[in-house]
$ cat run_19.cif   # mmCIF, C-alpha atoms
data_target
#
loop_
_atom_site.label_atom_id
_atom_site.label_comp_id
_atom_site.auth_asym_id
_atom_site.auth_seq_id
_atom_site.Cartn_x
_atom_site.Cartn_y
_atom_site.Cartn_z
CA MET A 1247 0.00 0.00 0.00
CA LYS A 1248 1.27 3.48 -0.89
CA ILE A 1249 0.30 6.35 1.40
CA ALA A 1250 0.52 10.06 0.63
CA ILE A 1251 0.70 12.51 3.52
CA ILE A 1252 0.08 15.99 2.19
CA TYR A 1253 -0.33 18.96 4.50
CA ASP A 1254 -0.41 22.73 4.64
CA SER A 1255 0.87 24.26 7.89
CA ASN A 1256 0.84 27.93 8.79
CA THR A 1257 2.40 27.98 12.26
CA GLY A 1258 3.91 24.47 12.48
CA ASN A 1259 1.04 22.76 14.32
CA THR A 1260 -0.21 20.78 11.33
CA LYS A 1261 3.37 19.96 10.37
CA THR A 1262 3.88 18.44 13.83
CA MET A 1263 0.80 16.28 13.36
CA ALA A 1264 1.85 15.23 9.84
CA TYR A 1265 5.23 14.08 11.15
CA ALA A 1266 3.46 12.14 13.91
CA ILE A 1267 1.38 10.34 11.26
CA ARG A 1268 4.53 9.58 9.28
CA ASP A 1269 6.21 8.19 12.41
CA ALA A 1270 3.18 6.02 13.22
CA LEU A 1271 3.10 4.60 9.69
CA LYS A 1272 6.85 4.14 9.30
CA ASP A 1273 6.43 0.57 8.05
CA GLN A 1274 4.34 1.78 5.09
CA THR A 1275 5.45 3.23 1.77
CA ILE A 1276 4.95 6.95 2.22
CA VAL A 1277 5.11 9.99 -0.03
CA PHE A 1278 5.45 13.03 2.23
CA LEU A 1279 4.67 16.54 0.92
CA ASP A 1280 4.79 19.68 3.02
CA ARG A 1281 2.28 21.50 0.86
CA PRO A 1282 -0.58 20.75 -1.47
CA CYS A 1283 0.58 20.99 -5.07
CA ASP A 1284 -0.65 20.53 -8.62
CA ASP A 1285 1.30 17.30 -9.12
CA ILE A 1286 -0.55 14.92 -6.80
CA PRO A 1287 1.31 11.64 -6.27
CA GLN A 1288 -0.49 8.38 -6.92
CA ALA A 1289 -1.41 6.65 -3.67
CA ASP A 1290 -3.85 4.15 -2.25
CA LEU A 1291 -4.61 6.32 0.78
CA TYR A 1292 -4.29 10.09 1.21
CA PHE A 1293 -3.79 11.73 4.60
CA ILE A 1294 -4.63 15.38 3.92
CA GLY A 1295 -3.90 17.99 6.59
CA SER A 1296 -4.61 21.67 7.01
CA TRP A 1297 -4.44 24.51 9.44
CA THR A 1298 -7.74 26.24 10.14
CA ASP A 1299 -8.18 29.59 8.43
CA LYS A 1300 -11.15 31.54 9.81
CA GLY A 1301 -13.12 28.37 10.44
CA ASP A 1302 -12.17 26.63 7.20
CA ALA A 1303 -9.35 24.68 5.58
CA SER A 1304 -6.57 26.63 3.89
CA GLU A 1305 -7.15 27.64 0.26
CA LYS A 1306 -4.40 25.26 -0.92
CA THR A 1307 -6.01 22.38 0.95
CA LYS A 1308 -9.48 23.15 -0.41
CA THR A 1309 -8.07 23.16 -3.95
CA LEU A 1310 -6.35 19.82 -3.33
CA LEU A 1311 -9.47 18.23 -1.85
CA ARG A 1312 -11.59 19.41 -4.80
CA SER A 1313 -9.12 17.82 -7.22
CA LEU A 1314 -9.25 14.32 -5.72
CA HIS A 1315 -11.59 11.79 -7.29
CA HIS A 1316 -12.15 8.10 -6.60
CA GLN A 1317 -9.68 8.17 -3.70
CA LYS A 1318 -9.59 7.13 -0.07
CA ILE A 1319 -9.02 10.12 2.19
CA ALA A 1320 -8.27 10.61 5.88
CA TYR A 1321 -8.39 14.28 6.88
CA PHE A 1322 -6.57 15.92 9.79
CA ALA A 1323 -6.33 19.51 10.97
CA THR A 1324 -5.36 21.84 13.75
CA ALA A 1325 -7.39 24.79 15.01
CA GLY A 1326 -6.75 27.49 17.59
CA PHE A 1327 -10.02 26.82 19.35
CA LYS A 1328 -11.14 23.45 20.60
CA GLY A 1329 -14.22 21.42 21.31
CA ASP A 1330 -15.86 18.42 19.73
CA ASP A 1331 -18.81 20.45 18.48
CA TYR A 1332 -16.48 23.08 17.07
CA PHE A 1333 -14.30 20.46 15.36
CA ASP A 1334 -17.42 18.79 13.92
CA ARG A 1335 -18.63 22.12 12.52
CA LEU A 1336 -15.21 22.73 10.96
CA PHE A 1337 -15.23 19.30 9.38
CA ASP A 1338 -18.75 19.80 8.03
CA ARG A 1339 -17.30 22.71 6.01
CA VAL A 1340 -14.33 20.67 4.83
CA LYS A 1341 -16.55 17.81 3.64
CA THR A 1342 -18.11 20.15 1.10
CA TYR A 1343 -14.80 20.19 -0.81
CA ILE A 1344 -14.56 16.39 -1.03
CA ASP A 1345 -16.37 14.93 -4.01
CA GLU A 1346 -18.83 12.14 -3.25
CA ASP A 1347 -16.92 9.72 -5.50
CA ASN A 1348 -14.18 9.60 -2.83
CA ILE A 1349 -14.28 7.44 0.27
CA LEU A 1350 -13.76 9.53 3.39
CA LEU A 1351 -12.30 7.24 6.04
CA GLY A 1352 -12.31 9.66 8.95
CA HIS A 1353 -11.04 12.91 10.38
CA PHE A 1354 -8.95 14.14 13.27
CA TYR A 1355 -8.67 17.62 14.79
CA CYS A 1356 -6.62 18.98 17.65
CA GLN A 1357 -6.01 22.37 19.12
CA GLY A 1358 -2.89 24.24 18.08
CA LYS A 1359 -1.10 27.33 19.25
CA MET A 1360 -1.84 30.61 17.52
CA PRO A 1361 0.47 33.51 16.63
CA MET A 1362 1.16 36.01 19.44
CA ALA A 1363 -0.42 38.72 17.28
CA THR A 1364 -3.76 37.02 17.95
CA ARG A 1365 -3.29 37.39 21.71
CA GLU A 1366 -2.28 41.03 21.29
CA ARG A 1367 -5.43 41.67 19.25
CA TYR A 1368 -7.59 40.08 21.99
CA GLU A 1369 -5.88 42.21 24.64
CA MET A 1370 -6.56 45.40 22.67
CA MET A 1371 -10.18 44.41 22.15
CA ILE A 1372 -10.60 43.69 25.88
CA LYS A 1373 -9.23 47.15 26.71
CA ALA A 1374 -11.92 48.63 24.48
CA HIS A 1375 -14.64 46.26 25.82
CA PRO A 1376 -13.59 45.19 29.37
CA ASP A 1377 -16.93 43.55 30.17
CA ASP A 1378 -17.03 41.33 27.06
CA LYS A 1379 -17.06 37.76 28.39
CA ASN A 1380 -16.57 36.28 24.92
CA LEU A 1381 -13.30 38.16 24.49
CA LYS A 1382 -12.11 36.97 27.89
CA THR A 1383 -13.01 33.41 26.91
CA SER A 1384 -11.09 33.84 23.65
CA LEU A 1385 -8.03 35.05 25.54
CA ALA A 1386 -8.21 32.10 27.95
CA ASN A 1387 -8.55 29.75 24.97
CA PHE A 1388 -5.48 31.35 23.38
CA ASP A 1389 -3.46 30.69 26.52
CA ASP A 1390 -4.69 27.09 26.66
CA ALA A 1391 -3.76 26.55 23.01
CA MET A 1392 -0.13 27.55 23.64
CA SER A 1393 0.72 24.03 24.81
CA HIS A 1394 -0.79 22.28 21.78
CA PRO A 1395 -0.22 20.07 20.00
CA ASP A 1396 1.09 18.30 23.09
CA LYS A 1397 2.28 14.74 23.76
CA GLU A 1398 -1.30 13.54 24.21
CA ASP A 1399 -2.37 15.09 20.88
CA ILE A 1400 0.57 13.40 19.14
CA ALA A 1401 -0.23 10.04 20.73
CA ASP A 1402 -3.88 10.45 19.73
CA ILE A 1403 -3.13 11.22 16.08
CA LYS A 1404 -0.76 8.26 15.87
CA LYS A 1405 -3.53 5.96 17.13
CA TRP A 1406 -5.95 7.59 14.69
CA ALA A 1407 -3.55 7.11 11.77
CA LEU A 1408 -3.21 3.42 12.56
CA SER A 1409 -7.00 3.13 12.81
CA MET A 1410 -7.28 4.73 9.36
CA ILE A 1411 -5.07 1.93 7.98
CA LYS A 1412 -7.46 -0.63 9.47
CA THR A 1413 -10.45 1.28 8.09
CA TYR A 1414 -8.77 1.41 4.68
CA GLN A 1415 -8.25 -2.37 4.78
CA THR A 1416 -11.95 -2.95 5.50
CA THR A 1417 -12.83 -0.99 2.35
CA LEU A 1418 -10.92 -3.57 0.31
CA SER A 1419 -13.06 -6.52 1.40
#
$ encode --input "run_19.cif" --output "structure tokens"
Amino acid sequence: MKIAIIYDSNTGNTKTMAYAIRDALKDQTIVFLDRPCDDIPQADLYFIGSWTDKGDASEKTKTLLRSLHHQKIAYFATAGFKGDDYFDRLFDRVKTYIDEDNILLGHFYCQGKMPMATRERYEMMIKAHPDDKNLKTSLANFDDAMSHPDKEDIADIKKWALSMIKTYQTTLS
């Protein structure tokens, strides 16, 4: 089986997760690309990863996903905010870029640190609106995200990647 791991990372979070997948699947034949490109390698299974850009996949990732047909895809991403409901809503958007002729094996999201400029923006907004609870929640979330992806996130994505291999194998029978 030939596996392609293709990812787009803005701050390094998605890159960390892509390398964790590669490490988990080290016994497989892997093509590893650090960015979506026009020349998509042939593979039996595609692990496609993206950072989250304003609640959506990156433009490069959306273009890549739209271009895949009759493929088996496992999608992974990082996002500054967290929460199962939030991750599900993000993935609902991403699914719209994946043609129905593909087989979507699963998805994985984890929280990732954001640029310091984001924290600075929240601090300025809080100064202007000191009673805004949502802004205070956003700032607390930013601080929580600073430790992610952490060892637990990396262990979780490795387990997920191995489960995607098993899921792929069930599609063959």
$ residues_around --input "run_19.cif" --residues "range 1400-1417 of chain A" --least-positions-apart "5" --cutoff "7 Å" --atoms "all atoms listed in the file" --output "MDAnalysis selection string"
chainID A and resid 1263 1266:1267 1270 1320 1351 1395
$ residues_around --input "run_19.cif" --residues "Thr1262 in chain A" --least-positions-apart "2" --cutoff "12 Å" --atoms "all atoms listed in the file" --output "JSON, numbers by chain"
{"A": [1253, 1254, 1255, 1256, 1257, 1258, 1259, 1260, 1264, 1265, 1266, 1267, 1268, 1269, 1280, 1295, 1296, 1297, 1322, 1323, 1324, 1356, 1357, 1358, 1359, 1394, 1395, 1396, 1397, 1399, 1400, 1401, 1403, 1404]}
$ write_last_selection --input "run_19.cif" --atoms "C-alpha atoms" --output "tab-separated table (two decimals), keeping the file's coordinate frame"
chain	number	residue	atom	x	y	z
A	1253	TYR	CA	-0.33	18.96	4.50
A	1254	ASP	CA	-0.41	22.73	4.64
A	1255	SER	CA	0.87	24.26	7.89
A	1256	ASN	CA	0.84	27.93	8.79
A	1257	THR	CA	2.40	27.98	12.26
A	1258	GLY	CA	3.91	24.47	12.48
A	1259	ASN	CA	1.04	22.76	14.32
A	1260	THR	CA	-0.21	20.78	11.33
A	1264	ALA	CA	1.85	15.23	9.84
A	1265	TYR	CA	5.23	14.08	11.15
A	1266	ALA	CA	3.46	12.14	13.91
A	1267	ILE	CA	1.38	10.34	11.26
A	1268	ARG	CA	4.53	9.58	9.28
A	1269	ASP	CA	6.21	8.19	12.41
A	1280	ASP	CA	4.79	19.68	3.02
A	1295	GLY	CA	-3.90	17.99	6.59
A	1296	SER	CA	-4.61	21.67	7.01
A	1297	TRP	CA	-4.44	24.51	9.44
A	1322	PHE	CA	-6.57	15.92	9.79
A	1323	ALA	CA	-6.33	19.51	10.97
A	1324	THR	CA	-5.36	21.84	13.75
A	1356	CYS	CA	-6.62	18.98	17.65
A	1357	GLN	CA	-6.01	22.37	19.12
A	1358	GLY	CA	-2.89	24.24	18.08
A	1359	LYS	CA	-1.10	27.33	19.25
A	1394	HIS	CA	-0.79	22.28	21.78
A	1395	PRO	CA	-0.22	20.07	20.00
A	1396	ASP	CA	1.09	18.30	23.09
A	1397	LYS	CA	2.28	14.74	23.76
A	1399	ASP	CA	-2.37	15.09	20.88
A	1400	ILE	CA	0.57	13.40	19.14
A	1401	ALA	CA	-0.23	10.04	20.73
A	1403	ILE	CA	-3.13	11.22	16.08
A	1404	LYS	CA	-0.76	8.26	15.87
$ atom_distance --input "run_19.cif" --atom1 "CA of Asp1347 in chain A" --atom2 "CA of His1316 in chain A"
5.2 Å
$ atom_distance --input "run_19.cif" --atom1 "CA of Pro1376 in chain A" --atom2 "CA of Phe1327 in chain A"
21.2 Å
$ residues_near_point --input "run_19.cif" --point "(-9.6, 17.1, 19.1)" --cutoff "7 Å" --atoms "only C-alpha atoms" --output "list in words"
Lys1328, Gly1329, Asp1330, Phe1333, Phe1354, Tyr1355, Cys1356 and Gln1357 of chain A
$ atom_distance --input "run_19.cif" --atom1 "CA of Thr1309 in chain A" --atom2 "CA of Thr1342 in chain A"
11.6 Å
$ resolve_selection --input "run_19.cif" --expression "the PyMOL selection byres ((chain A and resi 1336-1341) around 8)" --output "JSON, numbers by chain"
{"A": [1301, 1302, 1303, 1308, 1332, 1333, 1334, 1335, 1342, 1343, 1344, 1353]}
$ write_last_selection --input "run_19.cif" --atoms "C-alpha atoms" --output "mmCIF file, in the frame of the given file"
data_model
loop_
_atom_site.group_PDB
_atom_site.id
_atom_site.type_symbol
_atom_site.label_atom_id
_atom_site.label_comp_id
_atom_site.auth_asym_id
_atom_site.auth_seq_id
_atom_site.Cartn_x
_atom_site.Cartn_y
_atom_site.Cartn_z
ATOM 1 C CA GLY A 1301 -13.120 28.370 10.440
ATOM 2 C CA ASP A 1302 -12.170 26.630 7.200
ATOM 3 C CA ALA A 1303 -9.350 24.680 5.580
ATOM 4 C CA LYS A 1308 -9.480 23.150 -0.410
ATOM 5 C CA TYR A 1332 -16.480 23.080 17.070
ATOM 6 C CA PHE A 1333 -14.300 20.460 15.360
ATOM 7 C CA ASP A 1334 -17.420 18.790 13.920
ATOM 8 C CA ARG A 1335 -18.630 22.120 12.520
ATOM 9 C CA THR A 1342 -18.110 20.150 1.100
ATOM 10 C CA TYR A 1343 -14.800 20.190 -0.810
ATOM 11 C CA ILE A 1344 -14.560 16.390 -1.030
ATOM 12 C CA HIS A 1353 -11.040 12.910 10.380
#
$ resolve_selection --input "run_19.cif" --expression "the PyMOL selection byres ((chain A and resi 1252) around 6)" --output "ChimeraX atom specification"
/A:1251,1253,1279,1294
$ residues_around --input "run_19.cif" --residues "Ile1319 in chain A" --least-positions-apart "3" --cutoff "7 Å" --atoms "only C-alpha atoms" --output "short mmCIF file (atom, residue, chain, number, x, y, z; two decimals) with C-alpha atoms, in the frame of the given file"
data_model
loop_
_atom_site.label_atom_id
_atom_site.label_comp_id
_atom_site.auth_asym_id
_atom_site.auth_seq_id
_atom_site.Cartn_x
_atom_site.Cartn_y
_atom_site.Cartn_z
CA LEU A 1291 -4.61 6.32 0.78
CA TYR A 1292 -4.29 10.09 1.21
CA PHE A 1293 -3.79 11.73 4.60
CA ILE A 1349 -14.28 7.44 0.27
CA LEU A 1350 -13.76 9.53 3.39
CA LEU A 1351 -12.30 7.24 6.04
#
$ closest_residue --input "run_19.cif" --among "A:Met1247, A:Ala1386, A:Ala1325, A:Met1362" --to "Ser1304 in chain A" --atoms "only C-alpha atoms"
A:Ala1325
$ resolve_selection --input "run_19.cif" --expression "the PyMOL selection byres ((chain A and resi 1369) around 12)" --output "number ranges by chain"
A: 1362-1368, 1370-1376, 1378, 1381-1386, 1388-1389
$ closest_residue --input "run_19.cif" --among "A:Ala1250, A:Met1392, A:Val1277, A:Met1360" --to "Gly1326 in chain A" --atoms "all atoms listed in the file"
A:Met1360
$ closest_residue --input "run_19.cif" --among "A:Arg1312, A:Pro1361, A:Asp1331, A:Lys1300" --to "Ala1391 in chain A" --atoms "only C-alpha atoms"
A:Pro1361
$ closest_residue --input "run_19.cif" --among "A:Asn1380, A:Ser1393, A:Asn1348, A:Gln1288" --to "Thr1275 in chain A" --atoms "all atoms listed in the file"
A:Gln1288
$ decode --input "run_19.cif" --residues "range 1357-1389 of chain A" --atoms "N, CA, C and O atoms" --output "tab-separated table (two decimals), in the first residue's frame"
chain	number	residue	atom	x	y	z
A	1357	GLN	N	-6.29	20.96	18.91
A	1357	GLN	CA	-6.01	22.37	19.12
A	1357	GLN	C	-4.55	22.63	18.81
A	1357	GLN	O	-3.69	21.77	18.99
A	1358	GLY	N	-4.27	23.84	18.34
A	1358	GLY	CA	-2.89	24.24	18.08
A	1358	GLY	C	-2.66	25.68	18.49
A	1358	GLY	O	-3.59	26.50	18.49
A	1359	LYS	N	-1.42	25.96	18.83
A	1359	LYS	CA	-1.10	27.33	19.25
A	1359	LYS	C	-1.30	28.31	18.11
A	1359	LYS	O	-1.20	27.95	16.94
A	1360	MET	N	-1.60	29.54	18.49
A	1360	MET	CA	-1.84	30.61	17.52
A	1360	MET	C	-0.71	31.63	17.60
A	1360	MET	O	0.01	31.68	18.60
A	1361	PRO	N	-0.57	32.46	16.60
A	1361	PRO	CA	0.47	33.51	16.63
A	1361	PRO	C	0.21	34.49	17.77
A	1361	PRO	O	-0.94	34.78	18.12
A	1362	MET	N	1.29	35.05	18.34
A	1362	MET	CA	1.16	36.01	19.44
A	1362	MET	C	0.36	37.25	19.03
A	1362	MET	O	-0.29	37.88	19.87
A	1363	ALA	N	0.36	37.57	17.75
A	1363	ALA	CA	-0.42	38.72	17.28
A	1363	ALA	C	-1.90	38.53	17.59
A	1363	ALA	O	-2.62	39.51	17.83
A	1364	THR	N	-2.36	37.30	17.62
A	1364	THR	CA	-3.76	37.02	17.95
A	1364	THR	C	-4.04	37.40	19.40
A	1364	THR	O	-5.04	38.04	19.71
A	1365	ARG	N	-3.13	37.04	20.30
A	1365	ARG	CA	-3.29	37.39	21.71
A	1365	ARG	C	-3.29	38.91	21.89
A	1365	ARG	O	-4.11	39.46	22.62
A	1366	GLU	N	-2.37	39.57	21.21
A	1366	GLU	CA	-2.28	41.03	21.29
A	1366	GLU	C	-3.57	41.69	20.81
A	1366	GLU	O	-4.04	42.67	21.40
A	1367	ARG	N	-4.16	41.13	19.76
A	1367	ARG	CA	-5.43	41.67	19.25
A	1367	ARG	C	-6.54	41.49	20.30
A	1367	ARG	O	-7.32	42.41	20.54
A	1368	TYR	N	-6.60	40.30	20.93
A	1368	TYR	CA	-7.59	40.08	21.99
A	1368	TYR	C	-7.40	41.06	23.13
A	1368	TYR	O	-8.37	41.62	23.66
A	1369	GLU	N	-6.15	41.28	23.54
A	1369	GLU	CA	-5.88	42.21	24.64
A	1369	GLU	C	-6.35	43.63	24.31
A	1369	GLU	O	-6.93	44.31	25.15
A	1370	MET	N	-6.10	44.07	23.08
A	1370	MET	CA	-6.56	45.40	22.67
A	1370	MET	C	-8.08	45.48	22.65
A	1370	MET	O	-8.66	46.49	23.08
A	1371	MET	N	-8.73	44.42	22.20
A	1371	MET	CA	-10.18	44.41	22.15
A	1371	MET	C	-10.77	44.42	23.57
A	1371	MET	O	-11.79	45.07	23.82
A	1372	ILE	N	-10.12	43.70	24.49
A	1372	ILE	CA	-10.60	43.69	25.88
A	1372	ILE	C	-10.45	45.07	26.51
A	1372	ILE	O	-11.33	45.50	27.27
A	1373	LYS	N	-9.38	45.78	26.19
A	1373	LYS	CA	-9.23	47.15	26.71
A	1373	LYS	C	-10.39	48.03	26.26
A	1373	LYS	O	-10.89	48.86	27.01
A	1374	ALA	N	-10.81	47.84	25.02
A	1374	ALA	CA	-11.92	48.63	24.48
A	1374	ALA	C	-13.28	48.15	25.01
A	1374	ALA	O	-14.22	48.93	25.09
A	1375	HIS	N	-13.37	46.85	25.36
A	1375	HIS	CA	-14.64	46.26	25.82
A	1375	HIS	C	-14.36	45.38	27.05
A	1375	HIS	O	-14.45	44.14	26.97
A	1376	PRO	N	-14.02	45.97	28.20
A	1376	PRO	CA	-13.59	45.19	29.37
A	1376	PRO	C	-14.63	44.24	29.94
A	1376	PRO	O	-14.28	43.30	30.64
A	1377	ASP	N	-15.89	44.43	29.62
A	1377	ASP	CA	-16.93	43.55	30.17
A	1377	ASP	C	-17.33	42.42	29.20
A	1377	ASP	O	-18.23	41.64	29.52
A	1378	ASP	N	-16.68	42.34	28.07
A	1378	ASP	CA	-17.03	41.33	27.06
A	1378	ASP	C	-16.51	39.96	27.48
A	1378	ASP	O	-15.31	39.67	27.41
A	1379	LYS	N	-17.43	39.11	27.92
A	1379	LYS	CA	-17.06	37.76	28.39
A	1379	LYS	C	-16.53	36.89	27.26
A	1379	LYS	O	-15.66	36.05	27.48
A	1380	ASN	N	-17.05	37.07	26.05
A	1380	ASN	CA	-16.57	36.28	24.92
A	1380	ASN	C	-15.10	36.56	24.63
A	1380	ASN	O	-14.33	35.64	24.31
A	1381	LEU	N	-14.70	37.82	24.72
A	1381	LEU	CA	-13.30	38.16	24.49
A	1381	LEU	C	-12.40	37.56	25.57
A	1381	LEU	O	-11.31	37.06	25.27
A	1382	LYS	N	-12.88	37.57	26.80
A	1382	LYS	CA	-12.11	36.97	27.89
A	1382	LYS	C	-11.98	35.46	27.69
A	1382	LYS	O	-10.93	34.88	27.95
A	1383	THR	N	-13.05	34.84	27.21
A	1383	THR	CA	-13.01	33.41	26.91
A	1383	THR	C	-12.02	33.15	25.77
A	1383	THR	O	-11.26	32.18	25.82
A	1384	SER	N	-12.02	34.00	24.77
A	1384	SER	CA	-11.09	33.84	23.65
A	1384	SER	C	-9.65	33.96	24.12
A	1384	SER	O	-8.78	33.21	23.67
A	1385	LEU	N	-9.38	34.87	25.02
A	1385	LEU	CA	-8.03	35.05	25.54
A	1385	LEU	C	-7.61	33.82	26.36
A	1385	LEU	O	-6.48	33.33	26.22
A	1386	ALA	N	-8.51	33.31	27.17
A	1386	ALA	CA	-8.21	32.10	27.95
A	1386	ALA	C	-7.96	30.91	27.02
A	1386	ALA	O	-7.06	30.10	27.25
A	1387	ASN	N	-8.74	30.81	25.95
A	1387	ASN	CA	-8.55	29.75	24.97
A	1387	ASN	C	-7.18	29.89	24.31
A	1387	ASN	O	-6.48	28.90	24.11
A	1388	PHE	N	-6.80	31.12	23.98
A	1388	PHE	CA	-5.48	31.35	23.38
A	1388	PHE	C	-4.39	30.80	24.30
A	1388	PHE	O	-3.48	30.09	23.84
A	1389	ASP	N	-4.48	31.14	25.57
A	1389	ASP	CA	-3.46	30.69	26.52
A	1389	ASP	C	-3.44	29.17	26.63
A	1389	ASP	O	-2.36	28.56	26.71
